[in-house]
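Shown next: upload.cif, containing mmCIF, C-alpha atoms.
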data_upload
#
loop_
_atom_site.label_atom_id
_atom_site.label_comp_id
_atom_site.auth_asym_id
_atom_site.auth_seq_id
_atom_site.Cartn_x
_atom_site.Cartn_y
_atom_site.Cartn_z
CA ALA B 183 -8.01 -82.78 -35.84
CA PHE B 184 -7.95 -79.27 -34.39
CA ILE B 185 -9.10 -80.51 -30.99
CA GLU B 186 -6.24 -83.02 -31.02
CA TRP B 187 -3.81 -80.24 -31.98
CA LEU B 188 -5.04 -78.23 -28.99
CA THR B 189 -3.63 -80.81 -26.55
CA ASN B 190 -0.69 -82.38 -28.35
CA ARG B 191 2.65 -83.60 -27.00
CA GLY B 192 1.28 -86.14 -24.57
CA GLY B 193 -1.55 -84.00 -23.29
CA GLU B 194 0.32 -80.73 -22.87
CA VAL B 195 -1.65 -77.63 -23.82
CA ASN B 196 -0.64 -76.23 -27.19
CA LEU B 197 -0.66 -72.48 -26.56
CA LEU B 198 -0.55 -71.72 -30.28
CA ALA B 199 -3.82 -73.59 -30.77
CA VAL B 200 -5.26 -71.82 -27.72
CA TYR B 201 -4.22 -68.48 -29.19
CA VAL B 202 -5.92 -69.32 -32.50
CA LEU B 203 -9.17 -70.07 -30.65
CA VAL B 204 -8.88 -66.85 -28.66
CA LEU B 205 -8.35 -64.96 -31.93
CA MET B 206 -11.51 -66.56 -33.29
CA GLY B 207 -13.52 -65.57 -30.23
CA SER B 208 -12.26 -62.00 -30.03
CA SER B 209 -12.61 -61.42 -33.79
CA VAL B 210 -16.11 -60.01 -33.20
CA GLY B 211 -14.22 -56.78 -32.56
CA PHE B 212 -13.90 -56.37 -36.31
CA TYR B 213 -17.68 -55.96 -36.40
CA LEU B 214 -17.66 -53.29 -33.70
CA PHE B 215 -14.33 -52.13 -32.28
CA LEU B 216 -15.35 -51.95 -28.61
CA TYR B 217 -16.38 -55.60 -28.78
CA PHE B 218 -12.68 -56.43 -28.39
CA ILE B 219 -13.04 -55.51 -24.70
CA SER B 220 -16.58 -56.75 -24.15
CA VAL B 221 -18.18 -59.56 -26.17
CA GLY B 222 -14.81 -60.49 -27.71
CA TYR B 223 -13.27 -60.60 -24.23
CA ALA B 224 -15.91 -63.11 -23.11
CA CYS B 225 -15.76 -65.23 -26.28
CA GLY B 226 -11.96 -65.18 -26.24
CA ILE B 227 -12.10 -66.87 -22.84
CA LEU B 228 -14.98 -69.19 -23.71
CA PHE B 229 -13.80 -70.74 -26.99
CA PRO B 230 -10.43 -72.25 -25.92
CA LEU B 231 -11.68 -73.39 -22.53
CA VAL B 232 -14.68 -75.26 -23.94
CA ALA B 233 -12.46 -76.82 -26.63
CA ALA B 234 -9.87 -77.92 -24.06
CA PHE B 235 -12.55 -79.28 -21.74
CA VAL B 236 -14.00 -81.38 -24.58
CA SER B 237 -10.57 -82.52 -25.73
CA TYR B 238 -9.35 -83.64 -22.30
CA SER B 239 -12.65 -85.36 -21.50
CA ASN B 240 -11.68 -88.04 -24.03
CA TYR B 241 -8.71 -89.36 -22.05
CA LYS B 242 -8.39 -87.57 -18.71
CA VAL B 243 -9.75 -88.55 -15.30
CA PHE B 244 -11.59 -85.47 -14.07
CA ASP B 245 -11.91 -84.52 -10.42
CA SER B 246 -14.71 -82.36 -9.05
CA MET B 247 -12.48 -79.38 -8.18
CA THR B 248 -11.03 -79.10 -11.67
CA ILE B 249 -14.51 -79.38 -13.18
CA ILE B 250 -15.78 -76.58 -10.91
CA HIS B 251 -12.75 -74.42 -11.75
CA SER B 252 -13.39 -74.65 -15.49
CA LEU B 253 -17.19 -74.53 -15.35
CA LEU B 254 -17.12 -71.38 -13.23
CA THR B 255 -14.95 -69.69 -15.85
CA ILE B 256 -17.21 -70.91 -18.67
CA ALA B 257 -20.21 -69.59 -16.73
CA TRP B 258 -18.47 -66.25 -16.26
CA ALA B 259 -17.81 -65.96 -20.01
CA ILE B 260 -21.38 -66.84 -21.01
CA ARG B 261 -22.85 -64.45 -18.42
CA ALA B 262 -20.51 -61.63 -19.45
CA ALA B 263 -21.31 -61.97 -23.16
CA ALA B 264 -25.04 -62.09 -22.44
CA PHE B 265 -24.82 -59.06 -20.16
CA PHE B 266 -22.85 -56.97 -22.65
CA LEU B 267 -25.35 -57.70 -25.42
CA TYR B 268 -28.39 -57.19 -23.18
CA ARG B 269 -27.08 -53.85 -21.96
CA GLU B 270 -26.35 -52.65 -25.49
CA TYR B 271 -29.52 -53.77 -27.24
CA VAL B 272 -32.15 -53.90 -24.47
CA SER B 273 -31.46 -51.87 -21.33
CA TRP B 274 -29.37 -49.10 -22.95
CA PRO B 275 -30.07 -48.83 -26.71
CA ASP B 276 -28.26 -45.48 -26.96
CA LEU B 277 -25.04 -47.28 -26.07
CA HIS B 278 -25.17 -49.16 -29.36
CA GLN B 279 -25.11 -45.91 -31.32
CA LYS B 280 -22.08 -44.74 -29.33
CA ILE B 281 -20.30 -48.03 -30.05
CA VAL B 282 -21.11 -47.67 -33.76
CA GLU B 283 -19.71 -44.12 -33.78
CA VAL B 284 -16.47 -45.28 -32.15
CA ASN B 285 -16.22 -48.10 -34.69
CA GLU B 286 -16.57 -45.69 -37.61
CA LYS B 287 -13.65 -43.64 -36.31
CA THR B 288 -11.37 -46.64 -35.81
CA SER B 289 -8.94 -47.71 -38.52
CA MET B 290 -8.38 -51.30 -39.59
CA ARG B 291 -4.77 -51.03 -38.43
CA SER B 292 -5.94 -50.19 -34.88
CA LYS B 293 -8.36 -53.11 -34.96
CA LEU B 294 -5.64 -55.53 -36.05
CA LEU B 295 -3.23 -54.37 -33.34
CA CYS B 296 -5.92 -54.63 -30.62
CA TRP B 297 -7.02 -58.04 -31.90
CA ILE B 298 -3.49 -59.44 -31.77
CA GLY B 299 -2.56 -57.79 -28.47
CA TYR B 300 -5.73 -58.42 -26.48
CA SER B 301 -5.84 -62.02 -27.67
CA LEU B 302 -2.37 -62.62 -26.26
CA PHE B 303 -3.50 -61.40 -22.87
CA PHE B 304 -6.77 -63.34 -23.00
CA THR B 305 -4.70 -66.47 -23.68
CA ALA B 306 -2.66 -65.78 -20.55
CA LEU B 307 -5.81 -64.98 -18.55
CA VAL B 308 -7.49 -68.33 -19.26
CA SER B 309 -4.28 -70.33 -18.81
CA PRO B 310 -4.84 -71.28 -15.11
CA CYS B 311 -7.87 -73.36 -16.14
CA LEU B 312 -5.95 -74.93 -19.02
CA TYR B 313 -3.02 -75.86 -16.79
CA ARG B 314 -5.37 -77.48 -14.27
CA LEU B 315 -6.92 -79.55 -17.06
CA GLN B 316 -3.46 -80.41 -18.37
CA ALA B 317 -2.40 -81.69 -14.93
CA LEU B 318 -5.26 -84.21 -14.72
CA PRO B 319 -4.20 -87.88 -14.73
CA SER B 320 -4.88 -89.74 -17.98
CA THR B 321 -6.97 -92.89 -18.31
CA TYR B 322 -4.10 -94.88 -19.83
CA ASN B 323 -1.45 -93.68 -17.39
CA LYS B 324 -3.07 -92.86 -14.07
CA ASN B 325 -0.62 -90.63 -12.31
CA PRO B 326 -1.56 -89.48 -8.81
CA SER B 327 -4.47 -87.07 -8.86
CA GLN B 328 -3.47 -83.44 -8.47
CA ASN B 329 -3.70 -82.10 -4.95
CA TRP B 330 -5.85 -79.00 -4.62
CA GLY B 331 -5.08 -78.40 -0.96
CA ARG B 332 -6.63 -75.73 1.22
CA LEU B 333 -5.38 -72.87 -0.96
CA GLY B 334 -6.94 -74.32 -4.09
CA LYS B 335 -10.29 -74.93 -2.43
CA PHE B 336 -10.25 -71.48 -0.83
CA ALA B 337 -9.50 -69.97 -4.25
CA LEU B 338 -12.52 -71.73 -5.74
CA GLY B 339 -14.61 -70.07 -3.03
CA ILE B 340 -13.16 -66.70 -4.04
CA GLN B 341 -14.07 -67.48 -7.65
CA ILE B 342 -17.68 -68.19 -6.67
CA ILE B 343 -17.95 -65.07 -4.50
CA GLY B 344 -16.48 -62.92 -7.28
CA LEU B 345 -18.87 -64.31 -9.89
CA ILE B 346 -21.90 -63.74 -7.65
CA LEU B 347 -20.77 -60.24 -6.64
CA GLU B 348 -20.15 -59.12 -10.23
CA SER B 349 -23.40 -60.68 -11.51
CA VAL B 350 -25.58 -59.16 -8.79
CA ALA B 351 -23.94 -55.72 -9.08
CA ASP B 352 -24.30 -55.68 -12.88
CA TYR B 353 -27.96 -56.65 -12.57
CA GLN B 354 -28.69 -54.03 -9.91
CA LYS B 355 -27.03 -51.21 -11.80
CA SER B 356 -28.60 -52.22 -15.12
CA LYS B 357 -32.05 -52.35 -13.53
CA PHE B 358 -31.56 -48.95 -11.86
CA LYS B 359 -30.32 -47.30 -15.06
CA SER B 360 -33.19 -48.75 -17.12
CA ILE B 361 -35.77 -46.88 -15.04
CA PRO B 362 -36.96 -43.77 -16.95
CA GLY B 363 -35.06 -40.71 -15.74
CA ASN B 364 -32.27 -42.69 -14.07
CA ARG B 365 -29.86 -43.06 -16.99
CA ASN B 366 -27.76 -40.07 -15.88
CA GLN B 367 -28.37 -40.49 -12.17
CA TRP B 368 -25.87 -41.80 -9.63
CA CYS B 369 -26.53 -45.47 -8.89
CA HIS B 370 -26.81 -45.89 -5.13
CA VAL B 371 -28.88 -49.04 -4.71
CA GLY B 372 -28.16 -52.62 -3.68
CA LEU B 373 -24.46 -53.38 -3.38
CA PHE B 374 -23.66 -49.86 -4.56
CA GLN B 375 -24.81 -48.61 -1.16
CA TYR B 376 -21.87 -50.31 0.48
CA MET B 377 -18.92 -50.03 -1.92
CA THR B 378 -17.90 -47.81 -4.81
CA PHE B 379 -17.48 -50.37 -7.61
CA PRO B 380 -18.89 -53.76 -6.54
CA ASN B 381 -19.07 -54.97 -10.16
CA TYR B 382 -15.39 -54.31 -10.86
CA PHE B 383 -14.37 -55.64 -7.47
CA GLY B 384 -16.35 -58.81 -8.17
CA GLU B 385 -14.63 -59.23 -11.54
CA TRP B 386 -11.20 -58.79 -9.97
CA LEU B 387 -12.05 -61.26 -7.19
CA PHE B 388 -13.18 -63.79 -9.78
CA TRP B 389 -9.91 -63.63 -11.72
CA PHE B 390 -7.86 -63.61 -8.52
CA GLY B 391 -9.63 -66.83 -7.51
CA THR B 392 -9.14 -68.31 -10.99
CA TYR B 393 -5.41 -67.56 -10.91
CA SER B 394 -4.91 -68.75 -7.33
CA ALA B 395 -6.86 -71.97 -7.93
CA GLY B 396 -4.43 -72.85 -10.70
CA ILE B 397 -1.29 -72.47 -8.58
CA GLY B 398 -0.97 -76.17 -7.79
CA SER B 399 -0.73 -76.97 -11.50
CA TYR B 400 2.01 -74.52 -12.50
CA LYS B 401 4.93 -76.95 -12.89
CA LYS B 402 7.22 -74.96 -15.18
CA GLY B 403 8.58 -71.43 -15.03
CA LYS B 404 6.82 -70.45 -18.24
CA GLU B 405 3.48 -71.56 -16.81
CA TRP B 406 3.96 -69.34 -13.77
CA ILE B 407 4.95 -66.43 -16.02
CA ILE B 408 2.04 -66.81 -18.46
CA ALA B 409 -0.60 -67.16 -15.74
CA THR B 410 0.85 -64.27 -13.74
CA VAL B 411 1.00 -62.00 -16.79
CA GLY B 412 -2.68 -62.72 -17.40
CA PHE B 413 -3.63 -61.83 -13.84
CA ILE B 414 -1.52 -58.65 -13.83
CA PHE B 415 -3.09 -57.66 -17.15
CA ILE B 416 -6.67 -57.95 -15.93
CA SER B 417 -5.76 -56.21 -12.65
CA VAL B 418 -4.33 -53.23 -14.56
CA VAL B 419 -7.35 -53.12 -16.89
CA ILE B 420 -9.84 -53.18 -14.01
CA TYR B 421 -7.89 -50.53 -12.09
CA GLY B 422 -7.84 -48.33 -15.19
CA ALA B 423 -11.58 -48.80 -15.72
CA MET B 424 -12.34 -47.86 -12.11
CA THR B 425 -10.09 -44.81 -12.28
CA SER B 426 -11.69 -43.63 -15.51
CA LEU B 427 -15.25 -44.20 -14.29
CA GLY B 428 -14.44 -42.59 -10.95
CA ALA B 429 -13.20 -39.43 -12.71
CA LYS B 430 -16.35 -39.41 -14.85
CA HIS B 431 -18.52 -39.70 -11.76
CA MET B 432 -16.73 -36.79 -10.12
CA ARG B 433 -17.41 -34.60 -13.17
CA LYS B 434 -21.09 -35.58 -13.25
CA TYR B 435 -22.03 -35.79 -9.57
CA SER B 436 -19.60 -33.51 -7.73
CA ASP B 437 -22.46 -31.11 -6.89
CA ASN B 438 -24.37 -33.94 -5.21
CA GLU B 439 -23.60 -33.74 -1.48
CA GLU B 440 -24.76 -37.30 -0.85
CA PHE B 441 -22.43 -38.59 -3.57
CA MET B 442 -19.45 -36.64 -2.23
CA GLU B 443 -20.12 -37.87 1.29
CA PHE B 444 -20.32 -41.45 0.02
CA GLN B 445 -17.02 -41.09 -1.86
CA HIS B 446 -15.39 -39.84 1.32
CA SER B 447 -16.80 -42.55 3.57
CA HIS B 448 -16.65 -45.62 1.30
CA THR B 449 -14.02 -47.47 -0.70
CA LEU B 450 -13.84 -50.28 -3.22
CA PHE B 451 -13.96 -52.74 -0.30
CA GLY B 452 -16.82 -51.12 1.60
CA PRO B 453 -17.17 -48.45 4.32
CA ASN B 454 -13.93 -46.68 5.19
CA PRO B 455 -13.15 -47.74 8.78
CA PHE B 456 -11.07 -44.60 9.42
CA THR B 457 -13.94 -42.34 8.39
CA CYS B 458 -16.39 -44.30 10.54
CA LEU B 459 -14.02 -44.07 13.52
CA LYS B 460 -13.65 -40.33 13.00
CA ARG B 461 -17.42 -39.89 12.99
CA LYS B 462 -17.74 -41.80 16.26
CA GLU B 463 -15.11 -39.57 17.84
CA GLN B 464 -16.98 -36.47 16.66
CA ILE B 465 -20.22 -37.79 18.13
#
Using structure tokens, write down the structure from this file.
Amino acid sequence: AFIEWLTNRGGEVNLLAVYVLVLMGSSVGFYLFLYFISVGYACGILFPLVAAFVSYSNYKVFDSMTIIHSLLTIAWAIRAAAFFLYREYVSWPDLHQKIVEVNEKTSMRSKLLCWIGYSLFFTALVSPCLYRLQALPSTYNKNPSQNWGRLGKFALGIQIIGLILESVADYQKSKFKSIPGNRNQWCHVGLFQYMTFPNYFGEWLFWFGTYSAGIGSYKKGKEWIIATVGFIFISVVIYGAMTSLGAKHMRKYSDNEEFMEFQHSHTLFGPNPFTCLKRKEQI
């Protein structure tokens, strides 16, 4: 009955039902507060998308592009949840104690407000996949299949690149930090040799691809608004995380000449071309 409620009104996504599923997924934050932005973030994306995928599979004609779009997002959510838990309980056990300490200082009122607020944004963030599923032709009324076009296919490529970039960067940093004596050392291996925050950049690329791949299915003004709000939200969050971590790195590693040189010569996107040009002129 709930699955049917999720896609009522002739197959249109019921955002209230989606929001309820997101609330269910993100509710792990009541166990540990910071889970609202880690494990709860992943589960809040995973629950409604899997439910919608199952619901629409009963009477929609799926195309390969829409399947890839949704499965990539499901894969991202599963990988993210697994990574957050692995980092906390296996590669960085001290992190768990820090999360517990934060949880003990957090009031129930703060948890409720974060639960309600973050879940609204997670609903908007996953909406591009839901709108693509909604736009699929039904088995009993085969409307023309949705056209993905070059932009949609290109966006799927961006999604894939973002997922790979984030996954590889997370793995490389986690492996480096797990080596005895490296926990408080500057990570400068793998992708981190070429850009400042490859993991965050990969995450942003993934959500940019997810949002862009859904553009062909935004038929109403509210759909454009909801999907765009979700993308702006995650962009602001990622920017804030990079700014905060960057300031922390400056406090910890500012006496490291190699680190300072890297910060001057590299950006989020890779080597700074202006710095490289300047060096060539000096040579």
Nearest residue to Lys430 (chain B) from the set B:Ser292, B:Thr410, B:Ser320, B:Asn366 (distances using all atoms listed in the file):
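Distance minimum relative to Lys430 (chain B) lands on B:Asn366.
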Polymer residues at most 12 Å from (-13.9, -42.7, 0.1) by all atoms listed in the file, as a PyMOL selection string
chain B and resi 376-379+428+441-458
Can you turn the PyMOL selection byres ((chain B and resi 336) around 12) into a concrete residue list for this file, as an NGL selection string?
:B and (247 or 251 or 330-335 or 337-343 or 390-397)
Could those residues be written to a file, using C-alpha atoms, as a PDB file, keeping the file's coordinate frame?
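Dumped to selection.pdb:
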ATOM      1  CA  MET B 247     -12.480 -79.380  -8.180  1.00  0.00           C
ATOM      2  CA  HIS B 251     -12.750 -74.420 -11.750  1.00  0.00           C
ATOM      3  CA  TRP B 330      -5.850 -79.000  -4.620  1.00  0.00           C
ATOM      4  CA  GLY B 331      -5.080 -78.400  -0.960  1.00  0.00           C
ATOM      5  CA  ARG B 332      -6.630 -75.730   1.220  1.00  0.00           C
ATOM      6  CA  LEU B 333      -5.380 -72.870  -0.960  1.00  0.00           C
ATOM      7  CA  GLY B 334      -6.940 -74.320  -4.090  1.00  0.00           C
ATOM      8  CA  LYS B 335     -10.290 -74.930  -2.430  1.00  0.00           C
ATOM      9  CA  ALA B 337      -9.500 -69.970  -4.250  1.00  0.00           C
ATOM     10  CA  LEU B 338     -12.520 -71.730  -5.740  1.00  0.00           C
ATOM     11  CA  GLY B 339     -14.610 -70.070  -3.030  1.00  0.00           C
ATOM     12  CA  ILE B 340     -13.160 -66.700  -4.040  1.00  0.00           C
ATOM     13  CA  GLN B 341     -14.070 -67.480  -7.650  1.00  0.00           C
ATOM     14  CA  ILE B 342     -17.680 -68.190  -6.670  1.00  0.00           C
ATOM     15  CA  ILE B 343     -17.950 -65.070  -4.500  1.00  0.00           C
ATOM     16  CA  PHE B 390      -7.860 -63.610  -8.520  1.00  0.00           C
ATOM     17  CA  GLY B 391      -9.630 -66.830  -7.510  1.00  0.00           C
ATOM     18  CA  THR B 392      -9.140 -68.310 -10.990  1.00  0.00           C
ATOM     19  CA  TYR B 393      -5.410 -67.560 -10.910  1.00  0.00           C
ATOM     20  CA  SER B 394      -4.910 -68.750  -7.330  1.00  0.00           C
ATOM     21  CA  ALA B 395      -6.860 -71.970  -7.930  1.00  0.00           C
ATOM     22  CA  GLY B 396      -4.430 -72.850 -10.700  1.00  0.00           C
ATOM     23  CA  ILE B 397      -1.290 -72.470  -8.580  1.00  0.00           C
TER      24      ILE B 397
END
Skipping near chain neighbours, those fewer than 3 positions away, what residues fall within 9 Å of Cys296 (chain B) using only C-alpha atoms, listed as a PDB file with C-alpha atoms, keeping the file's coordinate frame?
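So out_38.pdb came out as:
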ATOM      1  CA  GLY B 211     -14.220 -56.780 -32.560  1.00  0.00           C
ATOM      2  CA  PHE B 215     -14.330 -52.130 -32.280  1.00  0.00           C
ATOM      3  CA  PHE B 218     -12.680 -56.430 -28.390  1.00  0.00           C
ATOM      4  CA  ARG B 291      -4.770 -51.030 -38.430  1.00  0.00           C
ATOM      5  CA  SER B 292      -5.940 -50.190 -34.880  1.00  0.00           C
ATOM      6  CA  LYS B 293      -8.360 -53.110 -34.960  1.00  0.00           C
ATOM      7  CA  GLY B 299      -2.560 -57.790 -28.470  1.00  0.00           C
ATOM      8  CA  TYR B 300      -5.730 -58.420 -26.480  1.00  0.00           C
ATOM      9  CA  SER B 301      -5.840 -62.020 -27.670  1.00  0.00           C
TER      10      SER B 301
END
Using all atoms listed in the file, find the one residue out of B:Phe265, B:Leu188, B:Lys242, B:Ser273 that sits nearest to Ile361 (chain B).
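So, comparing all the options, the nearest one is B:Ser273.
Once the PyMOL selection byres ((chain B and resi 282) around 12) is applied to this file, the selection holds B:Gly211, B:Phe212, B:Tyr213, B:Leu214, B:Phe215, B:Leu216, B:Tyr217, B:Glu270, B:Pro275, B:Asp276, B:Leu277, B:His278, B:Gln279, B:Lys280, B:Ile281, B:Glu283, B:Val284, B:Asn285, B:Glu286, B:Lys287, B:Thr288.
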Write out as a ChimeraX atom specification each polymer residue whose atoms come within 12 Å of Asp352 (chain B), counting only C-alpha atoms; drop sequence neighbours fewer than 2 positions from it.
/B:261-262,264-266,268-269,273,345-350,354-359,369,371-374,379-385
Quick check, in Å to one decimal: how far apart do CA of Phe303 (chain B) and CA of Val195 (chain B) lie?
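Interatomic distance here is 16.4 Å.
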Just to confirm, what's the straight-line distance from CA of Ser417 (chain B) to CA of Gln316 (chain B) in Å (one decimal)?
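Calculated distance between CA of Ser417 (chain B) and CA of Gln316 (chain B) is 25.0 Å.
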Go through B:Thr305, B:Ser252, B:Ser239, B:Asn364 and flag the residue nearest Gly193 (chain B), using only C-alpha atoms for the distances.
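Distance minimum relative to Gly193 (chain B) lands on B:Ser239.
Across the structure, CA of Ala224 (chain B) and CA of Phe388 (chain B) are spaced 13.6 Å apart.
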As a check of understanding, name the residues that the PyMOL selection byres ((chain B and resi 416) around 9) selects in the supplied structure, as an NGL selection string.
:B and (303-304 or 307 or 386 or 389 or 411-415 or 417-421)
Just checking: using only C-alpha atoms, which residue out of B:Ser220, B:Met424, B:Leu197, B:Val272 ends up closest to Ile408 (chain B)?
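Once distances to Ile408 (chain B) are computed over only C-alpha atoms, the minimum belongs to B:Leu197.
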Compare B:Gln367, B:Gln375, B:Asn329, B:Thr425 by their minimum atom-to-atom distance to Ala351 (chain B), counting only C-alpha atoms, and give me the closest one.
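Going through B:Gln367, B:Gln375, B:Asn329, B:Thr425 one by one, the smallest distance to Ala351 (chain B) is for B:Gln375.
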So, counting all atoms listed in the file, which residue among B:Tyr313, B:Tyr223, B:Tyr400, B:Phe244 is closest to Thr189 (chain B)?
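Selected residue with least distance to Thr189 (chain B): B:Tyr313.
Residues having any atom no farther than 10 Å from (-15.3, -76.7, -16.1) (counting only C-alpha atoms) are Leu231, Val232, Ala234, Phe235, Val236, Phe244, Ser246, Met247, Thr248, Ile249, Ile250, His251, Ser252, Leu253, Leu254, Thr255, Ile256, Ala257, Cys311, Leu312 and Leu315 of chain B.
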